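So this block is query-v6.cif, mmCIF, C-alpha atoms and all ligand atoms:
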data_entry
#
loop_
_atom_site.label_atom_id
_atom_site.label_comp_id
_atom_site.auth_asym_id
_atom_site.auth_seq_id
_atom_site.Cartn_x
_atom_site.Cartn_y
_atom_site.Cartn_z
CA MET A 1 -10.62 -80.86 152.32
CA LYS A 2 -11.49 -81.14 156.00
CA ALA A 3 -10.73 -78.25 158.34
CA GLY A 4 -11.45 -77.58 161.99
CA THR A 5 -13.23 -74.27 162.55
CA ILE A 6 -14.28 -72.22 165.55
CA ILE A 7 -16.40 -69.14 165.99
CA PRO A 8 -14.05 -66.80 167.89
CA LYS A 9 -15.16 -65.85 171.43
CA GLN A 10 -17.71 -68.70 171.41
CA LYS A 11 -16.83 -71.62 173.66
CA GLY A 12 -17.63 -75.07 172.29
CA SER A 13 -17.94 -73.91 168.66
CA LEU A 14 -15.39 -76.36 167.19
CA GLU A 15 -16.70 -78.00 164.03
CA ILE A 16 -15.18 -79.95 161.18
CA MET A 17 -16.11 -78.38 157.85
CA ASP A 18 -15.60 -79.48 154.27
CA MET A 19 -14.04 -76.80 152.09
CA ASP A 20 -12.12 -76.36 148.86
CA ILE A 21 -8.37 -76.92 148.76
CA PRO A 22 -6.79 -73.42 148.49
CA GLU A 23 -5.76 -72.24 144.99
CA ILE A 24 -2.19 -70.93 144.89
CA SER A 25 -0.87 -67.95 142.96
CA GLU A 26 2.57 -67.82 141.32
CA ASN A 27 4.45 -66.86 144.50
CA GLU A 28 2.59 -69.21 146.84
CA VAL A 29 3.10 -72.77 148.07
CA LEU A 30 0.41 -75.36 148.84
CA VAL A 31 1.24 -77.41 151.94
CA LYS A 32 -0.37 -80.68 153.06
CA VAL A 33 -0.48 -80.61 156.85
CA LYS A 34 1.02 -83.68 158.56
CA MET A 35 0.70 -82.63 162.20
CA LEU A 36 -0.65 -79.76 164.22
CA GLY A 37 0.62 -78.89 167.71
CA LEU A 38 -1.65 -77.35 170.36
CA ASP A 39 -0.77 -75.03 173.22
CA GLY A 40 -2.16 -72.66 175.84
CA THR A 41 -3.29 -70.14 173.23
CA ASP A 42 -5.35 -72.90 171.58
CA LYS A 43 -6.90 -73.69 174.96
CA GLU A 44 -7.92 -70.02 175.27
CA LEU A 45 -9.32 -70.05 171.72
CA GLY A 46 -11.34 -73.17 172.56
CA ASN A 47 -12.65 -71.53 175.72
CA GLY A 48 -13.85 -68.52 173.72
CA LEU A 49 -11.48 -66.12 175.49
CA TYR A 50 -9.60 -64.98 172.45
CA GLY A 51 -9.40 -65.08 168.65
CA GLU A 52 -10.50 -63.14 165.61
CA ALA A 53 -11.96 -64.47 162.34
CA PRO A 54 -10.52 -63.29 159.01
CA LYS A 55 -12.35 -60.22 157.65
CA GLY A 56 -15.69 -61.15 156.08
CA GLN A 57 -15.52 -64.75 157.35
CA GLY A 58 -17.70 -65.83 160.28
CA PHE A 59 -15.28 -68.50 161.48
CA LEU A 60 -11.58 -69.06 162.07
CA ILE A 61 -9.50 -72.10 161.19
CA PRO A 62 -7.37 -72.30 164.37
CA GLY A 63 -3.95 -73.90 164.81
CA HIS A 64 -0.59 -72.14 164.62
CA GLU A 65 1.96 -74.93 165.25
CA SER A 66 2.26 -77.18 162.23
CA ILE A 67 4.46 -79.27 160.02
CA GLY A 68 3.60 -80.32 156.50
CA THR A 69 4.77 -81.44 153.08
CA VAL A 70 4.91 -79.20 150.03
CA GLU A 71 2.27 -80.41 147.57
CA LYS A 72 2.45 -77.72 144.88
CA VAL A 73 4.61 -74.62 144.21
CA GLY A 74 3.79 -71.49 142.22
CA SER A 75 5.84 -70.69 139.10
CA ALA A 76 7.72 -67.80 140.80
CA VAL A 77 8.75 -69.83 143.86
CA ASN A 78 12.47 -70.60 144.18
CA GLY A 79 14.26 -72.95 146.55
CA ILE A 80 11.20 -74.86 147.76
CA SER A 81 10.16 -78.00 145.92
CA VAL A 82 7.31 -80.48 145.97
CA GLY A 83 7.98 -83.03 148.71
CA ASP A 84 9.92 -80.66 151.00
CA THR A 85 8.96 -80.65 154.68
CA VAL A 86 8.10 -77.15 155.91
CA VAL A 87 6.91 -75.21 158.95
CA ALA A 88 5.11 -71.88 158.55
CA THR A 89 5.61 -68.94 160.87
CA VAL A 90 2.60 -67.38 162.59
CA ARG A 91 2.63 -63.58 162.62
CA ARG A 92 2.01 -61.52 159.46
CA PRO A 93 3.31 -57.92 159.48
CA ASP A 94 1.52 -54.58 159.42
CA ASP A 95 3.20 -51.41 158.11
CA CYS A 96 5.09 -50.32 161.25
CA ILE A 97 8.85 -49.83 161.13
CA ASN A 98 9.64 -53.07 162.96
CA CYS A 99 7.27 -55.19 160.86
CA LYS A 100 8.70 -53.65 157.69
CA SER A 101 12.18 -54.58 158.93
CA GLY A 102 11.28 -58.25 159.36
CA GLU A 103 10.68 -57.96 163.11
CA SER A 104 6.92 -58.46 163.31
CA ASP A 105 7.51 -59.94 166.78
CA MET A 106 8.56 -56.42 167.82
CA CYS A 107 5.50 -54.75 166.24
CA ILE A 108 4.72 -51.33 167.73
CA LYS A 109 1.38 -50.78 166.01
CA GLY A 110 -0.47 -54.00 166.83
CA ASP A 111 -2.24 -54.35 163.47
CA TYR A 112 -0.36 -57.56 162.64
CA LEU A 113 -2.33 -60.71 161.90
CA GLU A 114 -1.58 -64.17 163.27
CA ARG A 115 -2.43 -67.39 161.45
CA GLY A 116 -4.84 -69.45 163.48
CA ILE A 117 -5.26 -66.74 166.12
CA LYS A 118 -5.93 -63.23 164.88
CA GLY A 119 -7.57 -62.44 161.54
CA GLU A 120 -5.94 -65.18 159.42
CA ASN A 121 -6.83 -68.85 159.05
CA GLY A 122 -4.43 -71.30 160.67
CA TYR A 123 -3.31 -74.83 160.00
CA MET A 124 -6.04 -77.10 161.46
CA ALA A 125 -6.82 -78.23 157.95
CA GLU A 126 -5.65 -80.83 155.47
CA TYR A 127 -4.02 -78.08 153.37
CA TYR A 128 -2.99 -74.45 153.65
CA LYS A 129 -1.32 -72.05 151.26
CA GLU A 130 1.46 -69.61 152.12
CA LYS A 131 4.02 -67.31 150.59
CA GLN A 132 7.51 -68.74 150.45
CA GLU A 133 8.93 -66.01 152.72
CA TYR A 134 6.98 -67.41 155.69
CA LEU A 135 8.04 -71.03 155.25
CA VAL A 136 11.05 -72.72 156.84
CA LYS A 137 12.49 -75.91 155.32
CA ILE A 138 12.96 -78.80 157.75
CA PRO A 139 15.66 -81.49 157.49
CA GLU A 140 14.56 -85.14 157.51
CA SER A 141 16.14 -85.86 160.93
CA ILE A 142 13.62 -83.59 162.73
CA SER A 143 10.64 -84.02 160.41
CA GLU A 144 8.42 -85.01 163.32
CA ALA A 145 9.91 -83.02 166.22
CA ALA A 146 9.71 -79.80 164.20
CA VAL A 147 5.94 -79.72 164.70
CA MET A 148 7.19 -77.98 167.89
CA LEU A 149 9.41 -75.51 166.02
CA GLU A 150 7.02 -72.63 166.75
CA PRO A 151 7.17 -73.03 170.57
CA LEU A 152 10.93 -73.59 170.27
CA SER A 153 11.21 -70.31 168.34
CA ILE A 154 9.61 -68.49 171.30
CA ALA A 155 12.40 -69.80 173.54
CA GLU A 156 15.03 -68.98 170.88
CA LYS A 157 13.87 -65.37 170.78
CA ALA A 158 13.91 -65.08 174.59
CA VAL A 159 17.45 -66.44 174.86
CA LYS A 160 18.55 -64.16 172.00
CA GLN A 161 17.00 -61.18 173.79
CA VAL A 162 18.87 -62.06 176.99
CA PHE A 163 22.20 -62.23 175.15
CA GLU A 164 21.49 -59.03 173.19
CA VAL A 165 20.63 -57.10 176.38
CA GLN A 166 23.80 -58.33 178.06
CA LYS A 167 26.03 -56.98 175.30
CA ARG A 168 26.07 -53.90 177.58
CA MET A 169 29.15 -55.32 179.37
CA VAL A 170 31.71 -58.10 179.55
CA TRP A 171 29.52 -61.05 180.38
CA GLN A 172 30.33 -64.71 180.88
CA PRO A 173 27.12 -66.34 182.08
CA LYS A 174 27.47 -69.63 183.91
CA ASN A 175 24.18 -70.29 185.69
CA ALA A 176 20.52 -70.00 184.78
CA ILE A 177 17.24 -70.77 186.49
CA VAL A 178 14.21 -71.58 184.32
CA LEU A 179 10.86 -71.40 186.09
CA GLY A 180 8.30 -73.63 184.38
CA THR A 181 8.70 -76.88 182.46
CA GLY A 182 5.98 -76.71 179.83
CA THR A 183 7.07 -77.09 176.21
CA VAL A 184 8.61 -73.61 175.95
CA GLY A 185 10.21 -73.94 179.41
CA LEU A 186 11.87 -77.23 178.47
CA PHE A 187 13.07 -75.70 175.20
CA ALA A 188 14.47 -72.62 176.98
CA ALA A 189 16.42 -74.90 179.34
CA MET A 190 17.74 -76.98 176.42
CA ILE A 191 18.84 -73.92 174.42
CA LEU A 192 20.66 -72.50 177.45
CA ARG A 193 22.41 -75.88 177.84
CA LEU A 194 23.48 -75.73 174.18
CA ASN A 195 25.09 -72.38 175.12
CA GLY A 196 27.13 -74.17 177.79
CA ILE A 197 25.19 -72.71 180.71
CA ASP A 198 24.33 -74.72 183.84
CA VAL A 199 20.55 -74.83 184.09
CA VAL A 200 18.22 -75.46 187.00
CA SER A 201 14.63 -76.11 185.87
CA VAL A 202 11.97 -75.47 188.47
CA ASP A 203 8.37 -76.65 188.59
CA ARG A 204 5.93 -78.30 190.97
CA THR A 205 6.04 -81.84 189.60
CA GLU A 206 7.80 -84.94 190.79
CA ASN A 207 8.63 -88.05 188.77
CA ASN A 208 7.63 -87.22 185.24
CA PRO A 209 9.60 -89.92 183.38
CA ILE A 210 9.74 -87.99 180.08
CA LYS A 211 10.91 -84.75 181.69
CA ASP A 212 13.32 -86.64 183.98
CA ASN A 213 14.86 -88.25 180.88
CA ILE A 214 15.28 -84.81 179.26
CA TYR A 215 16.94 -83.44 182.43
CA SER A 216 19.30 -86.38 182.58
CA LYS A 217 20.20 -86.41 178.84
CA MET A 218 20.63 -82.61 178.64
CA GLY A 219 22.38 -82.25 182.01
CA ILE A 220 19.66 -80.10 183.54
CA THR A 221 19.11 -80.01 187.31
CA HIS A 222 15.47 -80.23 188.36
CA ILE A 223 14.13 -78.70 191.57
CA ASN A 224 10.58 -78.96 192.87
CA SER A 225 9.44 -75.57 194.16
CA MET A 226 7.20 -77.33 196.69
CA ASP A 227 10.44 -78.40 198.41
CA THR A 228 12.48 -75.26 197.75
CA PRO A 229 10.46 -72.03 197.35
CA ILE A 230 11.65 -69.86 194.44
CA GLU A 231 12.95 -67.07 196.67
CA GLU A 232 15.22 -69.56 198.49
CA LEU A 233 16.82 -70.89 195.28
CA PRO A 234 19.88 -68.59 195.05
CA ALA A 235 20.88 -69.35 198.65
CA LYS A 236 20.23 -73.08 198.24
CA LEU A 237 22.21 -73.27 194.98
CA GLY A 238 24.98 -71.10 196.44
CA LYS A 239 26.04 -69.64 193.09
CA ARG A 240 25.57 -66.51 191.05
CA ILE A 241 22.37 -66.50 188.97
CA ASP A 242 23.26 -64.84 185.66
CA ILE A 243 19.97 -65.57 183.91
CA ALA A 244 16.44 -66.27 185.12
CA VAL A 245 13.61 -67.11 182.73
CA GLU A 246 10.02 -67.09 183.98
CA LEU A 247 7.36 -69.08 182.14
CA THR A 248 5.02 -70.45 184.78
CA GLY A 249 2.02 -68.25 184.05
CA SER A 250 1.77 -67.70 187.80
CA PRO A 251 1.88 -64.06 188.96
CA LYS A 252 3.13 -65.22 192.35
CA ALA A 253 6.10 -66.91 190.67
CA VAL A 254 6.76 -63.70 188.70
CA ALA A 255 6.89 -61.74 191.97
CA SER A 256 9.38 -64.26 193.41
CA ALA A 257 11.44 -64.27 190.20
CA LEU A 258 12.13 -60.52 190.46
CA ASN A 259 14.80 -61.21 193.08
CA LEU A 260 16.48 -64.18 191.37
CA PRO A 261 19.21 -62.52 189.25
CA SER A 262 22.55 -61.78 190.90
CA ILE A 263 24.58 -58.62 190.22
CA ASN A 264 24.60 -57.79 186.46
CA GLY A 265 21.99 -60.51 185.96
CA VAL A 266 18.92 -60.56 183.77
CA LEU A 267 15.38 -61.82 184.24
CA CYS A 268 13.36 -62.62 181.12
CA LEU A 269 9.58 -62.71 181.56
CA LEU A 270 7.98 -65.02 179.04
CA SER A 271 4.56 -66.05 180.34
CA VAL A 272 1.29 -64.18 180.25
CA THR A 273 -0.42 -63.88 183.62
CA GLY A 274 -3.86 -62.76 182.54
CA GLU A 275 -5.71 -62.03 185.72
CA SER A 276 -5.03 -59.07 187.97
CA TYR A 277 -2.97 -60.03 191.00
CA SER A 278 -1.50 -58.00 193.84
CA GLU A 279 1.49 -59.01 195.88
CA ASN A 280 3.19 -57.08 198.62
CA ILE A 281 6.48 -56.14 197.04
CA ASP A 282 8.95 -53.86 198.79
CA ILE A 283 9.55 -51.46 195.88
CA GLY A 284 12.29 -49.68 197.84
CA GLU A 285 14.24 -52.91 198.23
CA PHE A 286 13.54 -53.98 194.63
CA ASN A 287 14.75 -50.63 193.27
CA TYR A 288 17.83 -50.69 195.51
CA ASN A 289 18.78 -54.16 194.23
CA MET A 290 18.08 -53.32 190.59
CA VAL A 291 20.11 -50.11 190.63
CA LEU A 292 23.07 -51.24 192.73
CA GLY A 293 23.11 -54.59 190.90
CA ASN A 294 22.89 -53.29 187.30
CA LYS A 295 20.02 -55.73 186.80
CA VAL A 296 17.62 -55.99 183.87
CA VAL A 297 14.09 -57.33 183.55
CA VAL A 298 13.09 -57.94 179.93
CA GLY A 299 9.78 -59.14 178.49
CA SER A 300 9.67 -61.23 175.32
CA VAL A 301 6.79 -62.30 173.10
CA ASN A 302 6.36 -64.15 169.83
CA SER A 303 9.23 -64.75 167.39
CA ASN A 304 10.22 -64.01 163.82
CA ILE A 305 11.57 -66.22 161.06
CA SER A 306 15.19 -65.77 162.21
CA HIS A 307 14.26 -67.53 165.47
CA PHE A 308 12.62 -70.38 163.53
CA ILE A 309 15.80 -70.78 161.47
CA LYS A 310 17.99 -70.82 164.60
CA GLY A 311 15.50 -73.31 166.06
CA VAL A 312 16.01 -75.71 163.15
CA GLN A 313 19.79 -75.69 163.82
CA ASP A 314 19.32 -76.27 167.55
CA MET A 315 16.73 -79.02 167.05
CA ALA A 316 19.04 -80.79 164.59
CA SER A 317 21.89 -80.47 167.09
CA ILE A 318 19.83 -81.91 169.98
CA GLU A 319 18.53 -84.68 167.70
CA SER A 320 22.03 -85.69 166.61
CA SER A 321 23.35 -85.98 170.18
CA ASN A 322 20.12 -87.38 171.65
CA PRO A 323 18.07 -89.13 168.96
CA GLY A 324 14.35 -89.21 169.76
CA LEU A 325 14.59 -86.94 172.81
CA LEU A 326 12.65 -84.06 171.23
CA LYS A 327 10.02 -86.40 169.81
CA SER A 328 9.44 -87.83 173.30
CA MET A 329 7.84 -84.49 174.22
CA ILE A 330 4.91 -85.32 171.93
CA THR A 331 2.94 -87.21 174.55
CA ARG A 332 -0.42 -87.49 172.80
CA ARG A 333 -1.37 -87.89 169.15
CA ILE A 334 -5.04 -87.50 168.20
CA ARG A 335 -6.97 -87.54 164.94
CA LEU A 336 -8.85 -84.37 164.01
CA GLU A 337 -12.19 -86.18 164.31
CA ASP A 338 -11.37 -87.14 167.91
CA PHE A 339 -10.03 -83.78 169.05
CA SER A 340 -11.82 -81.61 171.60
CA TYR A 341 -10.41 -78.54 173.35
CA ASP A 342 -11.14 -80.15 176.76
CA MET A 343 -8.17 -82.44 176.10
CA LEU A 344 -5.84 -79.46 176.52
CA SER A 345 -6.68 -79.29 180.24
CA ASP A 346 -4.82 -82.55 180.89
CA ARG A 347 -1.76 -81.32 182.76
CA GLU A 348 0.00 -84.69 182.43
CA GLN A 349 0.61 -84.05 178.73
CA ILE A 350 3.63 -82.13 177.46
CA LYS A 351 2.65 -81.68 173.79
CA ASN A 352 -0.70 -82.62 172.26
CA VAL A 353 -0.61 -83.08 168.51
CA ILE A 354 -3.36 -83.64 165.93
CA VAL A 355 -2.25 -86.04 163.21
CA MET A 356 -3.94 -84.92 160.00
CA GLY A 357 -5.18 -87.22 157.25
ZN ZN B 401 4.01 -53.78 163.16
#

Serialized structure, structure tokens:
Amino acid sequence: MKAGTIIPKQKGSLEIMDMDIPEISENEVLVKVKMLGLDGTDKELGNGLYGEAPKGQGFLIPGHESIGTVEKVGSAVNGISVGDTVVATVRRPDDCINCKSGESDMCIKGDYLERGIKGENGYMAEYYKEKQEYLVKIPESISEAAVMLEPLSIAEKAVKQVFEVQKRMVWQPKNAIVLGTGTVGLFAAMILRLNGIDVVSVDRTENNPIKDNIYSKMGITHINSMDTPIEELPAKLGKRIDIAVELTGSPKAVASALNLPSINGVLCLLSVTGESYSENIDIGEFNYNMVLGNKVVVGSVNSNISHFIKGVQDMASIESSNPGLLKSMITRRIRLEDFSYDMLSDREQIKNVIVMG
């Protein structure tokens, strides 16, 4: 089979290699990959900033967002059959208490592996094999859109975290601000809408027909932060902000987001801002507002299989009320032979996907 490979921490090392189709054991499933989604982590892998090859292997098969068809099942596998459409999760647990409890996204030890990123081959290949416990079955109606189930699961976890944190009181959230309209940002806004919350999505773009269509179909308000700076949003909107979600990747936006939640509100930080950045923040004022306002700032990373399963339900629900809307986020389809990591720098695209085979 053909597989894309990179040498971790080496920019420009992408190669297509020929290798054997994986042999499955009795509790494993062989999956034929249909599509592979690419994101910011892939861009970092391509730029040699990140990544780890499996032990004893000089290269890594990248790719962690995929959808495929079951080609073969081991004799001990139950409930998954040849022909089923499946998505595989990404993180594989270590032996810490959270990982052992099925919450590898909450790992406290850091020895977890991640398919296509850290120490385990990913899905940029014609086939992969996986244990049944890491596979999620996908209904026919979302068999294409679910190539984005992994990024959706990141937003599912974040929203779940927000609601879990807020169980500390009587809480009836009405308004949310989502900073950032990349794939995960759009999904976070959509999930909040499914929860009946009014959502304002904020970014620095104007007239993106695909995003505009999503805002209009999902009832999301869009604001350009070039026109209304983030710190002016609460006054401009003139309503309580119960939830703010930050996913811009901009440390300056994070600094501005700290003051978005109203009394009893919550800010969820969801983007990684790699580089060091200093901003003059009045810690006295920040502390005063946090304490007197019962506010919470919560970080959220990764997701576990429960968030993938919730994601399938939410995708199916969006698909049934707005057929084709999710799929419209896949703005570029490429063949593996034509793929290069440079393509991921095109900011016009929402979701780049490699079509396998
Ligand atoms: Zn762990």

Close residues to ligand ZN 401 (chain B) using all atoms listed in the file, limit 9 Å, as a list of chain:residue names: A:Arg92, A:Pro93, A:Asp94, A:Asp95, A:Cys96, A:Ile97, A:Asn98, A:Cys99, A:Lys100, A:Glu103, A:Ser104, A:Asp105, A:Met106, A:Cys107, A:Ile108, A:Lys109, A:Gly110, A:Asp111, A:Tyr112

Using only C-alpha atoms, find each residue of stretch 136-183 of chain A with at least one atom at most 12 Å away from an atom of stretch 249-257 of chain A; report its shortest atom-to-atom pair and that distance in Å (one decimal), sort the rows by chain and rising residue number, and return the result as JSON lines.
{"residue": "A:Ile177", "atom": "CA", "partner": "A:Ala257", "partner_atom": "CA", "distance": 9.5}
{"residue": "A:Val178", "atom": "CA", "partner": "A:Ala257", "partner_atom": "CA", "distance": 9.8}
{"residue": "A:Leu179", "atom": "CA", "partner": "A:Ala253", "partner_atom": "CA", "distance": 8.0}
{"residue": "A:Gly180", "atom": "CA", "partner": "A:Gly249", "partner_atom": "CA", "distance": 8.3}
{"residue": "A:Thr181", "atom": "CA", "partner": "A:Gly249", "partner_atom": "CA", "distance": 11.0}
{"residue": "A:Gly182", "atom": "CA", "partner": "A:Gly249", "partner_atom": "CA", "distance": 10.2}

Atom CA of A:Glu71 to atom CA of A:Ala3, distance in Å rounded to a single decimal: 17.0 Å

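Closest approach to A:Pro323 among A:Leu186, A:Met17, A:Met218, A:Val170 is made by A:Met218 (distances from only C-alpha atoms).
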
Within 12 Å of file point (-1.5, -82.8, 156.1), counting only C-alpha atoms, expressed as a ChimeraX atom specification: /A:1-3,21,30-36,66-71,85-87,123-129,147,335-336,354-357

Supply stretch 57-76 of chain A as a PDB file, keeping the file's coordinate frame, with N, CA and C atoms built in where the input has gaps.
ATOM      1  N   GLN A  57     -15.333 -63.306 157.168  1.00  0.00           N
ATOM      2  CA  GLN A  57     -15.520 -64.750 157.350  1.00  0.00           C
ATOM      3  C   GLN A  57     -16.027 -64.961 158.776  1.00  0.00           C
ATOM      4  N   GLY A  58     -17.080 -65.708 158.950  1.00  0.00           N
ATOM      5  CA  GLY A  58     -17.700 -65.830 160.280  1.00  0.00           C
ATOM      6  C   GLY A  58     -16.965 -66.789 161.207  1.00  0.00           C
ATOM      7  N   PHE A  59     -15.973 -67.496 160.661  1.00  0.00           N
ATOM      8  CA  PHE A  59     -15.280 -68.500 161.480  1.00  0.00           C
ATOM      9  C   PHE A  59     -13.778 -68.359 161.284  1.00  0.00           C
ATOM     10  N   LEU A  60     -13.045 -69.048 162.161  1.00  0.00           N
ATOM     11  CA  LEU A  60     -11.580 -69.060 162.070  1.00  0.00           C
ATOM     12  C   LEU A  60     -11.107 -70.508 162.016  1.00  0.00           C
ATOM     13  N   ILE A  61     -10.203 -70.821 161.104  1.00  0.00           N
ATOM     14  CA  ILE A  61      -9.500 -72.100 161.190  1.00  0.00           C
ATOM     15  C   ILE A  61      -8.366 -71.877 162.189  1.00  0.00           C
ATOM     16  N   PRO A  62      -8.416 -72.540 163.363  1.00  0.00           N
ATOM     17  CA  PRO A  62      -7.370 -72.300 164.370  1.00  0.00           C
ATOM     18  C   PRO A  62      -6.119 -73.124 164.048  1.00  0.00           C
ATOM     19  N   GLY A  63      -5.170 -73.109 164.974  1.00  0.00           N
ATOM     20  CA  GLY A  63      -3.950 -73.900 164.810  1.00  0.00           C
ATOM     21  C   GLY A  63      -2.809 -73.057 164.282  1.00  0.00           C
ATOM     22  N   HIS A  64      -1.732 -72.951 165.074  1.00  0.00           N
ATOM     23  CA  HIS A  64      -0.590 -72.140 164.620  1.00  0.00           C
ATOM     24  C   HIS A  64       0.743 -72.887 164.689  1.00  0.00           C
ATOM     25  N   GLU A  65       0.728 -74.122 165.224  1.00  0.00           N
ATOM     26  CA  GLU A  65       1.960 -74.930 165.250  1.00  0.00           C
ATOM     27  C   GLU A  65       1.743 -76.080 164.278  1.00  0.00           C
ATOM     28  N   SER A  66       2.534 -76.138 163.213  1.00  0.00           N
ATOM     29  CA  SER A  66       2.260 -77.180 162.230  1.00  0.00           C
ATOM     30  C   SER A  66       3.535 -77.671 161.567  1.00  0.00           C
ATOM     31  N   ILE A  67       3.414 -78.814 160.933  1.00  0.00           N
ATOM     32  CA  ILE A  67       4.460 -79.270 160.020  1.00  0.00           C
ATOM     33  C   ILE A  67       3.752 -79.939 158.846  1.00  0.00           C
ATOM     34  N   GLY A  68       4.292 -79.761 157.658  1.00  0.00           N
ATOM     35  CA  GLY A  68       3.600 -80.320 156.500  1.00  0.00           C
ATOM     36  C   GLY A  68       4.557 -80.566 155.345  1.00  0.00           C
ATOM     37  N   THR A  69       3.998 -81.092 154.274  1.00  0.00           N
ATOM     38  CA  THR A  69       4.770 -81.440 153.080  1.00  0.00           C
ATOM     39  C   THR A  69       4.298 -80.575 151.922  1.00  0.00           C
ATOM     40  N   VAL A  70       5.257 -80.041 151.173  1.00  0.00           N
ATOM     41  CA  VAL A  70       4.910 -79.200 150.030  1.00  0.00           C
ATOM     42  C   VAL A  70       4.252 -80.059 148.940  1.00  0.00           C
ATOM     43  N   GLU A  71       3.057 -79.627 148.522  1.00  0.00           N
ATOM     44  CA  GLU A  71       2.270 -80.410 147.570  1.00  0.00           C
ATOM     45  C   GLU A  71       2.348 -79.777 146.172  1.00  0.00           C
ATOM     46  N   LYS A  72       2.469 -78.432 146.155  1.00  0.00           N
ATOM     47  CA  LYS A  72       2.450 -77.720 144.880  1.00  0.00           C
ATOM     48  C   LYS A  72       3.193 -76.392 145.081  1.00  0.00           C
ATOM     49  N   VAL A  73       3.951 -75.930 144.088  1.00  0.00           N
ATOM     50  CA  VAL A  73       4.610 -74.620 144.210  1.00  0.00           C
ATOM     51  C   VAL A  73       4.233 -73.741 143.017  1.00  0.00           C
ATOM     52  N   GLY A  74       4.083 -72.437 143.283  1.00  0.00           N
ATOM     53  CA  GLY A  74       3.790 -71.490 142.220  1.00  0.00           C
ATOM     54  C   GLY A  74       4.997 -71.307 141.303  1.00  0.00           C
ATOM     55  N   SER A  75       4.773 -70.771 140.100  1.00  0.00           N
ATOM     56  CA  SER A  75       5.840 -70.690 139.100  1.00  0.00           C
ATOM     57  C   SER A  75       6.966 -69.738 139.510  1.00  0.00           C
ATOM     58  N   ALA A  76       6.671 -68.763 140.407  1.00  0.00           N
ATOM     59  CA  ALA A  76       7.720 -67.800 140.800  1.00  0.00           C
ATOM     60  C   ALA A  76       8.444 -68.205 142.074  1.00  0.00           C
TER      61      ALA A  76
END
